[in-house]
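Just work.txt here, compact mmCIF, N, CA and C atoms:
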# COMPACT_ATOMS: atom_id res chain seq x y z
N MET A 229 21.49 -6.36 15.64
CA MET A 229 22.08 -5.14 15.16
C MET A 229 22.53 -5.24 13.71
N LEU A 230 22.20 -6.34 13.07
CA LEU A 230 22.59 -6.52 11.67
C LEU A 230 22.04 -5.40 10.80
N GLN A 231 20.79 -5.04 11.03
CA GLN A 231 20.20 -4.01 10.18
C GLN A 231 20.86 -2.66 10.40
N ALA A 232 21.34 -2.39 11.60
CA ALA A 232 22.02 -1.13 11.86
C ALA A 232 23.29 -1.02 11.02
N ARG A 233 23.87 -2.15 10.66
CA ARG A 233 25.07 -2.17 9.82
C ARG A 233 24.71 -2.32 8.34
N GLY A 234 23.43 -2.35 8.02
CA GLY A 234 23.02 -2.49 6.63
C GLY A 234 23.13 -3.90 6.10
N GLU A 235 23.23 -4.86 6.98
CA GLU A 235 23.32 -6.27 6.58
C GLU A 235 21.91 -6.83 6.48
N TRP A 236 21.21 -6.43 5.41
CA TRP A 236 19.78 -6.72 5.27
C TRP A 236 19.49 -8.20 5.23
N GLN A 237 20.23 -8.98 4.44
CA GLN A 237 19.91 -10.40 4.33
C GLN A 237 20.09 -11.11 5.66
N GLY A 238 21.13 -10.77 6.39
CA GLY A 238 21.33 -11.37 7.71
C GLY A 238 20.20 -11.02 8.66
N ALA A 239 19.76 -9.77 8.62
CA ALA A 239 18.64 -9.34 9.47
C ALA A 239 17.35 -10.04 9.05
N VAL A 240 17.12 -10.16 7.75
CA VAL A 240 15.93 -10.87 7.26
C VAL A 240 15.94 -12.30 7.76
N THR A 241 17.07 -12.96 7.66
CA THR A 241 17.18 -14.35 8.11
C THR A 241 16.86 -14.48 9.60
N GLU A 242 17.38 -13.56 10.40
CA GLU A 242 17.13 -13.62 11.84
C GLU A 242 15.65 -13.37 12.16
N TYR A 243 15.04 -12.40 11.49
CA TYR A 243 13.62 -12.14 11.74
C TYR A 243 12.74 -13.28 11.25
N GLU A 244 13.11 -13.88 10.13
CA GLU A 244 12.35 -15.04 9.65
C GLU A 244 12.43 -16.19 10.65
N SER A 245 13.59 -16.39 11.24
CA SER A 245 13.75 -17.42 12.27
C SER A 245 12.87 -17.11 13.49
N ALA A 246 12.87 -15.86 13.90
CA ALA A 246 12.03 -15.45 15.03
C ALA A 246 10.56 -15.64 14.71
N LEU A 247 10.17 -15.37 13.47
CA LEU A 247 8.77 -15.51 13.08
C LEU A 247 8.34 -16.97 13.04
N ARG A 248 9.26 -17.87 12.77
CA ARG A 248 8.92 -19.30 12.83
C ARG A 248 8.61 -19.73 14.26
N VAL A 249 9.27 -19.12 15.22
CA VAL A 249 9.04 -19.43 16.64
C VAL A 249 7.77 -18.74 17.13
N ARG A 250 7.54 -17.52 16.68
CA ARG A 250 6.37 -16.73 17.09
C ARG A 250 5.64 -16.23 15.85
N PRO A 251 4.89 -17.12 15.19
CA PRO A 251 4.34 -16.80 13.87
C PRO A 251 3.30 -15.67 13.83
N ARG A 252 2.67 -15.34 14.92
CA ARG A 252 1.68 -14.26 14.89
C ARG A 252 2.12 -13.09 15.74
N ASP A 253 3.41 -12.90 15.85
CA ASP A 253 3.96 -11.80 16.64
C ASP A 253 4.04 -10.56 15.75
N ALA A 254 3.20 -9.59 16.04
CA ALA A 254 3.12 -8.39 15.20
C ALA A 254 4.42 -7.59 15.23
N VAL A 255 5.11 -7.60 16.36
CA VAL A 255 6.37 -6.85 16.45
C VAL A 255 7.41 -7.48 15.52
N VAL A 256 7.50 -8.79 15.51
CA VAL A 256 8.45 -9.47 14.64
C VAL A 256 8.05 -9.30 13.17
N SER A 257 6.75 -9.46 12.88
CA SER A 257 6.28 -9.27 11.49
C SER A 257 6.58 -7.86 11.00
N SER A 258 6.34 -6.88 11.87
CA SER A 258 6.59 -5.49 11.50
C SER A 258 8.08 -5.24 11.31
N ALA A 259 8.89 -5.79 12.20
CA ALA A 259 10.33 -5.61 12.08
C ALA A 259 10.85 -6.24 10.78
N LEU A 260 10.38 -7.44 10.48
CA LEU A 260 10.77 -8.09 9.23
C LEU A 260 10.32 -7.25 8.04
N GLY A 261 9.10 -6.74 8.10
CA GLY A 261 8.61 -5.88 7.02
C GLY A 261 9.46 -4.64 6.85
N GLY A 262 9.88 -4.04 7.97
CA GLY A 262 10.72 -2.84 7.90
C GLY A 262 12.08 -3.13 7.27
N VAL A 263 12.67 -4.26 7.61
CA VAL A 263 13.96 -4.63 7.03
C VAL A 263 13.81 -4.94 5.54
N LEU A 264 12.74 -5.66 5.19
CA LEU A 264 12.50 -5.95 3.79
C LEU A 264 12.29 -4.67 2.99
N LEU A 265 11.57 -3.71 3.57
CA LEU A 265 11.35 -2.43 2.90
C LEU A 265 12.68 -1.71 2.69
N ALA A 266 13.51 -1.68 3.73
CA ALA A 266 14.81 -1.02 3.61
C ALA A 266 15.70 -1.71 2.57
N ALA A 267 15.51 -3.02 2.41
CA ALA A 267 16.29 -3.78 1.43
C ALA A 267 15.70 -3.68 0.02
N GLY A 268 14.58 -2.98 -0.13
CA GLY A 268 13.97 -2.81 -1.44
C GLY A 268 13.06 -3.95 -1.85
N ARG A 269 12.72 -4.82 -0.94
CA ARG A 269 11.84 -5.96 -1.23
C ARG A 269 10.42 -5.58 -0.80
N VAL A 270 9.85 -4.65 -1.54
CA VAL A 270 8.63 -3.97 -1.14
C VAL A 270 7.42 -4.91 -1.05
N ASP A 271 7.22 -5.77 -2.03
CA ASP A 271 6.04 -6.65 -1.98
C ASP A 271 6.08 -7.57 -0.77
N GLU A 272 7.25 -8.10 -0.46
CA GLU A 272 7.38 -8.95 0.73
C GLU A 272 7.15 -8.12 1.99
N ALA A 273 7.66 -6.90 2.00
CA ALA A 273 7.46 -6.02 3.15
C ALA A 273 5.97 -5.78 3.38
N ILE A 274 5.25 -5.49 2.32
CA ILE A 274 3.81 -5.23 2.43
C ILE A 274 3.10 -6.44 3.02
N SER A 275 3.48 -7.62 2.61
CA SER A 275 2.85 -8.83 3.12
C SER A 275 3.04 -8.94 4.64
N HIS A 276 4.25 -8.76 5.12
CA HIS A 276 4.52 -8.88 6.55
C HIS A 276 3.93 -7.73 7.35
N LEU A 277 3.99 -6.54 6.81
CA LEU A 277 3.43 -5.38 7.51
C LEU A 277 1.91 -5.46 7.58
N SER A 278 1.29 -5.97 6.53
CA SER A 278 -0.17 -6.17 6.54
C SER A 278 -0.56 -7.18 7.61
N ALA A 279 0.22 -8.24 7.74
CA ALA A 279 -0.04 -9.23 8.79
C ALA A 279 0.08 -8.58 10.16
N ALA A 280 1.07 -7.73 10.33
CA ALA A 280 1.28 -7.07 11.62
C ALA A 280 0.10 -6.17 11.99
N VAL A 281 -0.41 -5.38 11.04
CA VAL A 281 -1.53 -4.50 11.38
C VAL A 281 -2.82 -5.28 11.59
N THR A 282 -2.93 -6.45 10.95
CA THR A 282 -4.09 -7.30 11.18
C THR A 282 -4.03 -7.91 12.58
N ASP A 283 -2.85 -8.39 12.96
CA ASP A 283 -2.69 -9.03 14.26
C ASP A 283 -2.69 -8.02 15.42
N ARG A 284 -2.26 -6.81 15.14
CA ARG A 284 -2.20 -5.78 16.19
C ARG A 284 -2.54 -4.42 15.59
N PRO A 285 -3.82 -4.12 15.49
CA PRO A 285 -4.26 -2.89 14.82
C PRO A 285 -3.79 -1.59 15.49
N ASP A 286 -3.33 -1.67 16.72
CA ASP A 286 -2.89 -0.47 17.43
C ASP A 286 -1.37 -0.27 17.37
N TYR A 287 -0.69 -1.00 16.50
CA TYR A 287 0.77 -0.96 16.45
C TYR A 287 1.23 0.11 15.46
N PHE A 288 1.69 1.22 16.00
CA PHE A 288 2.10 2.38 15.22
C PHE A 288 3.13 2.04 14.16
N ASP A 289 4.22 1.38 14.55
CA ASP A 289 5.32 1.11 13.61
C ASP A 289 4.85 0.36 12.37
N ALA A 290 3.96 -0.60 12.57
CA ALA A 290 3.48 -1.40 11.44
C ALA A 290 2.68 -0.53 10.47
N HIS A 291 1.81 0.32 10.99
CA HIS A 291 1.03 1.22 10.11
C HIS A 291 1.94 2.20 9.39
N TYR A 292 2.88 2.76 10.13
CA TYR A 292 3.81 3.75 9.56
C TYR A 292 4.60 3.13 8.40
N ASN A 293 5.22 1.97 8.67
CA ASN A 293 6.03 1.33 7.63
C ASN A 293 5.19 0.79 6.48
N LEU A 294 3.99 0.31 6.77
CA LEU A 294 3.11 -0.14 5.70
C LEU A 294 2.74 1.05 4.81
N GLY A 295 2.49 2.19 5.40
CA GLY A 295 2.24 3.40 4.60
C GLY A 295 3.41 3.72 3.69
N ASN A 296 4.64 3.65 4.23
CA ASN A 296 5.82 3.91 3.41
C ASN A 296 5.95 2.90 2.27
N ALA A 297 5.70 1.63 2.58
CA ALA A 297 5.81 0.59 1.55
C ALA A 297 4.79 0.81 0.45
N LEU A 298 3.56 1.09 0.83
CA LEU A 298 2.50 1.32 -0.17
C LEU A 298 2.80 2.57 -1.00
N ALA A 299 3.26 3.62 -0.35
CA ALA A 299 3.58 4.85 -1.08
C ALA A 299 4.73 4.62 -2.06
N SER A 300 5.69 3.78 -1.68
CA SER A 300 6.82 3.53 -2.58
C SER A 300 6.37 2.81 -3.85
N LYS A 301 5.23 2.14 -3.78
CA LYS A 301 4.66 1.48 -4.97
C LYS A 301 3.68 2.38 -5.71
N GLY A 302 3.49 3.59 -5.22
CA GLY A 302 2.55 4.51 -5.85
C GLY A 302 1.11 4.28 -5.43
N GLU A 303 0.88 3.50 -4.40
CA GLU A 303 -0.47 3.23 -3.90
C GLU A 303 -0.80 4.25 -2.80
N PHE A 304 -0.98 5.49 -3.22
CA PHE A 304 -1.09 6.60 -2.28
C PHE A 304 -2.40 6.61 -1.50
N GLY A 305 -3.47 6.13 -2.08
CA GLY A 305 -4.73 6.07 -1.34
C GLY A 305 -4.62 5.13 -0.15
N ALA A 306 -4.06 3.94 -0.40
CA ALA A 306 -3.87 2.97 0.67
C ALA A 306 -2.82 3.46 1.67
N ALA A 307 -1.78 4.12 1.18
CA ALA A 307 -0.76 4.67 2.06
C ALA A 307 -1.36 5.72 3.00
N ALA A 308 -2.23 6.57 2.45
CA ALA A 308 -2.86 7.61 3.27
C ALA A 308 -3.64 7.02 4.42
N VAL A 309 -4.32 5.90 4.19
CA VAL A 309 -5.07 5.23 5.26
C VAL A 309 -4.11 4.83 6.38
N GLN A 310 -2.97 4.26 6.00
CA GLN A 310 -2.00 3.82 7.01
C GLN A 310 -1.37 5.00 7.75
N PHE A 311 -1.04 6.06 7.02
CA PHE A 311 -0.46 7.24 7.67
C PHE A 311 -1.47 7.91 8.60
N ARG A 312 -2.74 7.95 8.19
CA ARG A 312 -3.76 8.52 9.08
C ARG A 312 -3.88 7.70 10.36
N THR A 313 -3.86 6.36 10.21
CA THR A 313 -3.94 5.50 11.39
C THR A 313 -2.73 5.71 12.28
N ALA A 314 -1.54 5.75 11.69
CA ALA A 314 -0.32 5.99 12.47
C ALA A 314 -0.40 7.33 13.18
N ASN A 315 -0.87 8.34 12.49
CA ASN A 315 -1.00 9.67 13.08
C ASN A 315 -2.01 9.68 14.22
N ARG A 316 -3.10 8.93 14.08
CA ARG A 316 -4.09 8.83 15.15
C ARG A 316 -3.50 8.11 16.36
N LEU A 317 -2.68 7.08 16.12
CA LEU A 317 -2.08 6.31 17.21
C LEU A 317 -1.00 7.10 17.95
N GLN A 318 -0.24 7.90 17.22
CA GLN A 318 0.82 8.72 17.83
C GLN A 318 0.82 10.10 17.18
N PRO A 319 -0.11 10.95 17.60
CA PRO A 319 -0.25 12.25 16.95
C PRO A 319 0.97 13.16 17.09
N ASP A 320 1.86 12.85 18.01
CA ASP A 320 3.05 13.68 18.21
C ASP A 320 4.25 13.23 17.37
N ASP A 321 4.10 12.18 16.56
CA ASP A 321 5.20 11.71 15.74
C ASP A 321 5.30 12.58 14.49
N ALA A 322 6.38 13.35 14.42
CA ALA A 322 6.56 14.31 13.32
C ALA A 322 6.69 13.62 11.97
N ASP A 323 7.34 12.45 11.92
CA ASP A 323 7.52 11.77 10.65
C ASP A 323 6.20 11.26 10.08
N ALA A 324 5.33 10.75 10.94
CA ALA A 324 4.03 10.28 10.46
C ALA A 324 3.24 11.45 9.87
N GLU A 325 3.27 12.56 10.54
CA GLU A 325 2.59 13.75 10.04
C GLU A 325 3.22 14.23 8.74
N ALA A 326 4.53 14.21 8.67
CA ALA A 326 5.23 14.65 7.46
C ALA A 326 4.90 13.74 6.29
N ASN A 327 4.86 12.43 6.52
CA ASN A 327 4.53 11.51 5.43
C ASN A 327 3.12 11.76 4.93
N LEU A 328 2.20 11.95 5.84
CA LEU A 328 0.82 12.22 5.44
C LEU A 328 0.74 13.53 4.65
N GLY A 329 1.55 14.48 5.03
CA GLY A 329 1.50 15.78 4.38
C GLY A 329 2.46 15.95 3.22
N SER A 330 3.16 14.89 2.81
CA SER A 330 4.17 15.00 1.75
C SER A 330 3.59 15.55 0.46
N ALA A 331 2.39 15.19 0.19
CA ALA A 331 1.73 15.69 -1.03
C ALA A 331 0.26 15.86 -0.71
N PRO A 332 -0.34 16.92 -1.17
CA PRO A 332 -1.76 17.14 -0.89
C PRO A 332 -2.64 15.97 -1.29
N LYS A 333 -2.27 15.27 -2.36
CA LYS A 333 -3.12 14.17 -2.81
C LYS A 333 -3.01 12.95 -1.91
N ILE A 334 -1.91 12.82 -1.15
CA ILE A 334 -1.84 11.74 -0.17
C ILE A 334 -2.89 12.01 0.91
N ARG A 335 -2.97 13.26 1.35
CA ARG A 335 -3.95 13.61 2.39
C ARG A 335 -5.37 13.28 1.94
N SER A 336 -5.65 13.49 0.67
CA SER A 336 -7.00 13.24 0.19
C SER A 336 -7.20 11.79 -0.23
N GLY A 337 -6.11 11.01 -0.27
CA GLY A 337 -6.21 9.60 -0.62
C GLY A 337 -6.30 9.35 -2.10
N VAL A 338 -5.91 10.31 -2.93
CA VAL A 338 -5.95 10.14 -4.37
C VAL A 338 -4.66 9.46 -4.82
N ASP A 339 -4.78 8.44 -5.66
CA ASP A 339 -3.59 7.76 -6.16
C ASP A 339 -2.82 8.68 -7.09
N LEU A 340 -1.50 8.63 -6.98
CA LEU A 340 -0.61 9.43 -7.82
C LEU A 340 0.32 8.49 -8.57
N GLN A 341 0.92 8.98 -9.59
CA GLN A 341 1.96 8.20 -10.25
C GLN A 341 3.21 8.27 -9.39
N ALA A 342 4.06 7.27 -9.49
CA ALA A 342 5.30 7.23 -8.71
C ALA A 342 6.07 8.53 -8.92
N GLY A 343 6.70 8.99 -7.87
CA GLY A 343 7.48 10.21 -7.96
C GLY A 343 6.82 11.38 -7.27
N GLY A 344 5.55 11.27 -6.90
CA GLY A 344 4.87 12.37 -6.23
C GLY A 344 4.95 12.29 -4.73
N TYR A 345 5.75 11.38 -4.21
CA TYR A 345 5.81 11.14 -2.79
C TYR A 345 7.24 11.25 -2.32
N SER A 346 7.45 11.91 -1.22
CA SER A 346 8.78 12.03 -0.65
C SER A 346 8.88 11.11 0.56
N HIS A 347 9.63 10.02 0.41
CA HIS A 347 9.74 8.99 1.46
C HIS A 347 10.55 9.50 2.64
N HIS A 348 9.99 9.37 3.80
CA HIS A 348 10.70 9.68 5.04
C HIS A 348 11.25 8.39 5.62
N ARG A 349 11.97 8.49 6.67
CA ARG A 349 12.65 7.33 7.26
C ARG A 349 11.70 6.20 7.59
N THR A 350 12.25 4.99 7.59
CA THR A 350 11.52 3.83 8.11
C THR A 350 11.52 3.96 9.62
N HIS A 351 10.38 3.81 10.25
CA HIS A 351 10.30 3.98 11.68
C HIS A 351 11.06 2.87 12.38
N PRO A 352 11.98 3.21 13.29
CA PRO A 352 12.82 2.19 13.89
C PRO A 352 12.10 1.21 14.79
N GLY A 353 11.12 1.65 15.52
CA GLY A 353 10.34 0.76 16.36
C GLY A 353 11.16 -0.18 17.20
N HIS A 354 10.80 -1.44 17.15
CA HIS A 354 11.42 -2.45 18.00
C HIS A 354 12.33 -3.37 17.23
N ARG A 355 12.83 -2.95 16.11
CA ARG A 355 13.66 -3.82 15.28
C ARG A 355 15.09 -3.83 15.80
N THR A 356 15.39 -4.75 16.70
CA THR A 356 16.71 -4.71 17.32
C THR A 356 17.41 -6.06 17.35
N LEU A 357 17.10 -6.99 16.49
CA LEU A 357 17.82 -8.28 16.50
C LEU A 357 19.25 -8.09 16.05

Here is the file; what I need is its structure written in the form of structure tokens.
Amino acid sequence: MLQARGEWQGAVTEYESALRVRPRDAVVSSALGGVLLAAGRVDEAISHLSAAVTDRPDYFDAHYNLGNALASKGEFGAAAVQFRTANRLQPDDADAEANLGSAPKIRSGVDLQAGGYSHHRTHPGHRTL
């Protein structure tokens, strides 16, 4: 529950410990990526979220958060791919649809300069350490 209190470094430390025990656990990788993203450590978040979608391509939370991380760096084409995948995996998730529709150019996969994207919440998923 560290992340619920905004204690990002403590949450990062706990997820890193869990990842050492279960190094290819997509849920743990995704959770760590989500905490890193919330803490503003975007490049590290992308690394862990990318590992999660590689290890478990059907994991909605990992695609959703990877899309947010990529969009926060202005990589809207790559973000659109992740949002489309998240939307395909859970078509009833309003936030995934909203992120995909935040800007017309995200839908088309055209890269934009930073500032053309409206970030929605990080998907909570299974991040509960």

8 Å contact set for Tyr292 in chain A, only N, CA and C atoms, chain neighbours under 3 positions out, as a PyMOL selection string: chain A and resi 287-289+295-298+310-315+323-324+349-351

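Going from CA of Ala299 in chain A to CA of Thr241 in chain A covers 25.3 Å.
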
Top pick for closest residue to Ala259 in chain A, considering A:His276, A:Lys301, A:Arg284, A:Arg316 and counting all atoms listed in the file: A:His276

Separation of CA of Glu303 in chain A from CA of Leu260 in chain A, in Å and rounded to one decimal: 20.7 Å

Nearest residue to Val270 in chain A from the set A:Ser258, A:Ser300, A:Asp320, A:Leu328 (distances using all atoms listed in the file): A:Ser300

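Going from CA of Val263 in chain A over to CA of Ala239 in chain A, you cover 7.1 Å.
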
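With all atoms listed in the file as the atoms that count, the minimum distance from Ser278 in chain A to the choices A:Ala290, A:Ala306, A:Val240, A:Ala326 is reached by A:Ala290.
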
Listed atoms of range 294-302 of chain A boxed axis-aligned with 8 Å per side, centre + edges as JSON:
{"center_x": 4.0, "center_y": 2.4, "center_z": 0.5, "size_x": 21.7, "size_y": 21.0, "size_z": 28.6}

Generate N, CA, C and O atoms for range 235-252 of chain A and emit them as an mmCIF file, in the frame of the given file.
data_model
loop_
_atom_site.group_PDB
_atom_site.id
_atom_site.type_symbol
_atom_site.label_atom_id
_atom_site.label_comp_id
_atom_site.auth_asym_id
_atom_site.auth_seq_id
_atom_site.Cartn_x
_atom_site.Cartn_y
_atom_site.Cartn_z
ATOM 1 N N GLU A 235 23.230 -4.860 6.980
ATOM 2 C CA GLU A 235 23.320 -6.270 6.580
ATOM 3 C C GLU A 235 21.910 -6.830 6.480
ATOM 4 O O GLU A 235 21.455 -7.594 7.330
ATOM 5 N N TRP A 236 21.210 -6.430 5.410
ATOM 6 C CA TRP A 236 19.780 -6.720 5.270
ATOM 7 C C TRP A 236 19.490 -8.200 5.230
ATOM 8 O O TRP A 236 18.569 -8.669 5.895
ATOM 9 N N GLN A 237 20.230 -8.980 4.440
ATOM 10 C CA GLN A 237 19.910 -10.400 4.330
ATOM 11 C C GLN A 237 20.090 -11.110 5.660
ATOM 12 O O GLN A 237 19.290 -11.959 6.032
ATOM 13 N N GLY A 238 21.130 -10.770 6.390
ATOM 14 C CA GLY A 238 21.330 -11.370 7.710
ATOM 15 C C GLY A 238 20.200 -11.020 8.660
ATOM 16 O O GLY A 238 19.712 -11.871 9.409
ATOM 17 N N ALA A 239 19.760 -9.770 8.620
ATOM 18 C CA ALA A 239 18.640 -9.340 9.470
ATOM 19 C C ALA A 239 17.350 -10.040 9.050
ATOM 20 O O ALA A 239 16.579 -10.488 9.913
ATOM 21 N N VAL A 240 17.120 -10.160 7.750
ATOM 22 C CA VAL A 240 15.930 -10.870 7.260
ATOM 23 C C VAL A 240 15.940 -12.300 7.760
ATOM 24 O O VAL A 240 14.928 -12.801 8.267
ATOM 25 N N THR A 241 17.070 -12.960 7.660
ATOM 26 C CA THR A 241 17.180 -14.350 8.110
ATOM 27 C C THR A 241 16.860 -14.480 9.600
ATOM 28 O O THR A 241 16.127 -15.380 10.009
ATOM 29 N N GLU A 242 17.380 -13.560 10.400
ATOM 30 C CA GLU A 242 17.130 -13.620 11.840
ATOM 31 C C GLU A 242 15.650 -13.370 12.160
ATOM 32 O O GLU A 242 15.064 -14.058 12.999
ATOM 33 N N TYR A 243 15.040 -12.400 11.490
ATOM 34 C CA TYR A 243 13.620 -12.140 11.740
ATOM 35 C C TYR A 243 12.740 -13.280 11.250
ATOM 36 O O TYR A 243 11.733 -13.610 11.871
ATOM 37 N N GLU A 244 13.110 -13.880 10.130
ATOM 38 C CA GLU A 244 12.350 -15.040 9.650
ATOM 39 C C GLU A 244 12.430 -16.190 10.650
ATOM 40 O O GLU A 244 11.426 -16.877 10.887
ATOM 41 N N SER A 245 13.590 -16.390 11.240
ATOM 42 C CA SER A 245 13.750 -17.420 12.270
ATOM 43 C C SER A 245 12.870 -17.110 13.490
ATOM 44 O O SER A 245 12.207 -17.996 14.031
ATOM 45 N N ALA A 246 12.870 -15.860 13.900
ATOM 46 C CA ALA A 246 12.030 -15.450 15.030
ATOM 47 C C ALA A 246 10.560 -15.640 14.710
ATOM 48 O O ALA A 246 9.766 -16.056 15.569
ATOM 49 N N LEU A 247 10.170 -15.370 13.470
ATOM 50 C CA LEU A 247 8.770 -15.510 13.080
ATOM 51 C C LEU A 247 8.340 -16.970 13.040
ATOM 52 O O LEU A 247 7.177 -17.278 13.310
ATOM 53 N N ARG A 248 9.260 -17.870 12.770
ATOM 54 C CA ARG A 248 8.920 -19.300 12.830
ATOM 55 C C ARG A 248 8.610 -19.730 14.260
ATOM 56 O O ARG A 248 7.756 -20.578 14.488
ATOM 57 N N VAL A 249 9.270 -19.120 15.220
ATOM 58 C CA VAL A 249 9.040 -19.430 16.640
ATOM 59 C C VAL A 249 7.770 -18.740 17.130
ATOM 60 O O VAL A 249 7.002 -19.322 17.905
ATOM 61 N N ARG A 250 7.540 -17.520 16.680
ATOM 62 C CA ARG A 250 6.370 -16.730 17.090
ATOM 63 C C ARG A 250 5.640 -16.230 15.850
ATOM 64 O O ARG A 250 5.720 -15.053 15.490
ATOM 65 N N PRO A 251 4.890 -17.120 15.190
ATOM 66 C CA PRO A 251 4.340 -16.800 13.870
ATOM 67 C C PRO A 251 3.300 -15.670 13.830
ATOM 68 O O PRO A 251 3.094 -15.086 12.783
ATOM 69 N N ARG A 252 2.670 -15.340 14.920
ATOM 70 C CA ARG A 252 1.680 -14.260 14.890
ATOM 71 C C ARG A 252 2.120 -13.090 15.740
ATOM 72 O O ARG A 252 1.297 -12.336 16.263
#
